[in-house]
Amino acid sequence: MVLVPFAGIVLAALHPSGSQLDGLSIPDRWSWETFALAWKAGNFTNLMRSSVLIALFVVPLAVAMATLAGYGLAILKVWGHRTLSFGFVMGLTLPIEVIVVALYFNLREVGLTNSYVGVILAEAALFMPFGVYWMQTHFSNVPDELVEAARIDGARDLVVLARVLLPISWPAVTTLSVLYFMWSWNQFMLVLVMMQDPDRRTGPSGLGLFVGQYTTDIPLLAAACLIVIAPIVVVYLVFQRSFVSGITQGAIKG
């Protein structure tokens, strides 16, 4: 059910640009030039560069903050950790559509609209509720004896996190990183509102404008879609084993 529509997109992209398609059809002549035409017409050089730049900063920043917050709430049990945990869980229910306008005006006041920094900080903050919940749940399932043994040996809090917990937490961290990359790459509305410069927008936001310009050219649209989703497929295939391990581990422990 998943692969058949995907195969349809691939076959459509291999038709010559401008071809009229009717359902799932195999091209008479395989046209790889459609991808080059879509890349040039959609200005994907700038769009993909922006997507990669934003994701490369958002993922490590958001994962580091979520790991530290989850550690503080689950292991250190900082003051008010129950209330803070509830606040992060409530943040999971907050859709971007509700806050994007207010966020735009707030960032405009400090000069962070139409800039990569503003988008990076906004995405990292929006991803925090899930990340904190994910890492807190993971750390909550770590045996207390493991942490106590490290503290008896004289390890400080950051040493416990870095040398004891993180080495056994890579499946959870990797899974969170892949999810963050997917969410950052697919972010549409936030980038569309924050970035007024078309050359600094990301692949998905540029694809939205591309669809409006080339509505009737199905092969060109299919090629553009494949260009945008290709990095997500590659990242998932590279980290597939760790991703599945982290998901399975969370499901069993949950």
# chains A, B, ... in the order shown; residues from 1 in each chain; ligands from 1
>>> closest_atom_pairs(of="range 18-48 of chain A", to="range 198-202 of chain A", cutoff="9 Å", atoms="only C-alpha atoms", output="Markdown table")
| residue | atom | partner | partner_atom | distance |
| --- | --- | --- | --- | --- |
| A:Asn43 | CA | A:Asp199 | CA | 7.7 |
| A:Phe44 | CA | A:Thr202 | CA | 8.6 |
| A:Asn46 | CA | A:Asp199 | CA | 5.7 |
| A:Leu47 | CA | A:Thr202 | CA | 4.6 |
| A:Met48 | CA | A:Thr202 | CA | 6.2 |
>>> residues_around(residues="Ile229 in chain A", least_positions_apart="4", cutoff="12 Å", atoms="only C-alpha atoms", output="VMD selection string")
chain A and resid 6 9 to 10 48 51 181 to 183 185 to 186 203 to 204 207 222 to 225 233 to 236
>>> select_by_dssp(residues="range 1-104 of chain A", states="alpha helix (DSSP H)", output="JSON, numbers by chain")
{"A": [3, 4, 5, 6, 7, 8, 9, 10, 11, 12, 13, 33, 34, 35, 36, 37, 38, 39, 40, 41, 44, 45, 46, 47, 48, 49, 50, 51, 52, 53, 54, 55, 56, 57, 58, 59, 60, 61, 62, 63, 64, 65, 66, 67, 68, 69, 70, 71, 81, 82, 83, 84, 85, 86, 87, 88, 89, 90, 91, 96, 97, 98, 99, 100, 101, 102, 103, 104]}
>>> residues_around(residues="range 81-84 of chain A", least_positions_apart="4", cutoff="12 Å", atoms="only C-alpha atoms", output="ChimeraX atom specification")
/A:69-77,88-91,129,132-133,136
>>> write_last_selection(atoms="N, CA, C and O atoms", output="PDB file, in the first residue's frame")
ATOM      1  N   ALA A  69      17.742  18.022  29.496  1.00  0.00           N
ATOM      2  CA  ALA A  69      16.488  18.223  30.223  1.00  0.00           C
ATOM      3  C   ALA A  69      15.922  16.896  30.708  1.00  0.00           C
ATOM      4  O   ALA A  69      15.448  16.787  31.849  1.00  0.00           O
ATOM      5  N   GLY A  70      15.962  15.880  29.858  1.00  0.00           N
ATOM      6  CA  GLY A  70      15.469  14.568  30.270  1.00  0.00           C
ATOM      7  C   GLY A  70      16.272  13.994  31.412  1.00  0.00           C
ATOM      8  O   GLY A  70      15.711  13.381  32.335  1.00  0.00           O
ATOM      9  N   TYR A  71      17.573  14.195  31.387  1.00  0.00           N
ATOM     10  CA  TYR A  71      18.446  13.732  32.472  1.00  0.00           C
ATOM     11  C   TYR A  71      18.136  14.459  33.773  1.00  0.00           C
ATOM     12  O   TYR A  71      18.048  13.853  34.844  1.00  0.00           O
ATOM     13  N   GLY A  72      17.928  15.766  33.669  1.00  0.00           N
ATOM     14  CA  GLY A  72      17.619  16.543  34.867  1.00  0.00           C
ATOM     15  C   GLY A  72      16.285  16.163  35.483  1.00  0.00           C
ATOM     16  O   GLY A  72      16.154  16.105  36.709  1.00  0.00           O
ATOM     17  N   LEU A  73      15.307  15.870  34.643  1.00  0.00           N
ATOM     18  CA  LEU A  73      13.980  15.539  35.156  1.00  0.00           C
ATOM     19  C   LEU A  73      13.891  14.100  35.659  1.00  0.00           C
ATOM     20  O   LEU A  73      13.226  13.830  36.662  1.00  0.00           O
ATOM     21  N   ALA A  74      14.551  13.173  34.979  1.00  0.00           N
ATOM     22  CA  ALA A  74      14.406  11.749  35.316  1.00  0.00           C
ATOM     23  C   ALA A  74      15.411  11.277  36.352  1.00  0.00           C
ATOM     24  O   ALA A  74      15.063  10.498  37.249  1.00  0.00           O
ATOM     25  N   ILE A  75      16.652  11.731  36.264  1.00  0.00           N
ATOM     26  CA  ILE A  75      17.715  11.232  37.143  1.00  0.00           C
ATOM     27  C   ILE A  75      17.994  12.195  38.288  1.00  0.00           C
ATOM     28  O   ILE A  75      17.996  11.798  39.460  1.00  0.00           O
ATOM     29  N   LEU A  76      18.217  13.462  37.967  1.00  0.00           N
ATOM     30  CA  LEU A  76      18.523  14.436  39.014  1.00  0.00           C
ATOM     31  C   LEU A  76      17.283  14.858  39.783  1.00  0.00           C
ATOM     32  O   LEU A  76      17.395  15.312  40.931  1.00  0.00           O
ATOM     33  N   LYS A  77      16.119  14.719  39.148  1.00  0.00           N
ATOM     34  CA  LYS A  77      14.846  15.108  39.763  1.00  0.00           C
ATOM     35  C   LYS A  77      14.938  16.523  40.349  1.00  0.00           C
ATOM     36  O   LYS A  77      14.780  16.746  41.551  1.00  0.00           O
ATOM     37  N   PHE A  88       5.957  20.088  29.659  1.00  0.00           N
ATOM     38  CA  PHE A  88       6.468  19.588  28.377  1.00  0.00           C
ATOM     39  C   PHE A  88       5.451  18.688  27.682  1.00  0.00           C
ATOM     40  O   PHE A  88       5.306  18.725  26.463  1.00  0.00           O
ATOM     41  N   VAL A  89       4.750  17.859  28.461  1.00  0.00           N
ATOM     42  CA  VAL A  89       3.723  17.003  27.870  1.00  0.00           C
ATOM     43  C   VAL A  89       2.612  17.854  27.255  1.00  0.00           C
ATOM     44  O   VAL A  89       2.116  17.570  26.163  1.00  0.00           O
ATOM     45  N   MET A  90       2.228  18.925  27.945  1.00  0.00           N
ATOM     46  CA  MET A  90       1.219  19.820  27.392  1.00  0.00           C
ATOM     47  C   MET A  90       1.702  20.481  26.107  1.00  0.00           C
ATOM     48  O   MET A  90       0.913  20.784  25.209  1.00  0.00           O
ATOM     49  N   GLY A  91       3.017  20.692  26.022  1.00  0.00           N
ATOM     50  CA  GLY A  91       3.573  21.279  24.809  1.00  0.00           C
ATOM     51  C   GLY A  91       3.395  20.400  23.591  1.00  0.00           C
ATOM     52  O   GLY A  91       3.392  20.895  22.453  1.00  0.00           O
ATOM     53  N   PRO A 129       9.358  19.640  23.402  1.00  0.00           N
ATOM     54  CA  PRO A 129       8.420  18.831  24.200  1.00  0.00           C
ATOM     55  C   PRO A 129       8.532  17.339  23.942  1.00  0.00           C
ATOM     56  O   PRO A 129       8.637  16.545  24.883  1.00  0.00           O
ATOM     57  N   VAL A 132      12.154  16.008  25.112  1.00  0.00           N
ATOM     58  CA  VAL A 132      12.289  15.885  26.562  1.00  0.00           C
ATOM     59  C   VAL A 132      11.483  14.698  27.067  1.00  0.00           C
ATOM     60  O   VAL A 132      11.955  13.917  27.911  1.00  0.00           O
ATOM     61  N   TYR A 133      10.273  14.550  26.568  1.00  0.00           N
ATOM     62  CA  TYR A 133       9.442  13.408  26.974  1.00  0.00           C
ATOM     63  C   TYR A 133      10.117  12.092  26.593  1.00  0.00           C
ATOM     64  O   TYR A 133      10.132  11.136  27.375  1.00  0.00           O
ATOM     65  N   GLN A 136      13.355  11.655  28.796  1.00  0.00           N
ATOM     66  CA  GLN A 136      12.973  11.429  30.193  1.00  0.00           C
ATOM     67  C   GLN A 136      12.441  10.015  30.386  1.00  0.00           C
ATOM     68  O   GLN A 136      12.773   9.338  31.364  1.00  0.00           O
TER      69      GLN A 136
END
>>> residues_around(residues="Ser19 in chain A", least_positions_apart="3", cutoff="7 Å", atoms="only C-alpha atoms", output="list in words")
His15, Pro16 and Pro219 of chain A
>>> closest_residue(among="A:Leu166, A:Val191, A:Val211, A:Ala36", to="Val119 in chain A", atoms="only C-alpha atoms")
A:Val191
>>> residues_around(residues="Met195 in chain A", least_positions_apart="6", cutoff="8 Å", atoms="only C-alpha atoms", output="list in words")
Thr113, Asn114, Ser115 and Arg201 of chain A
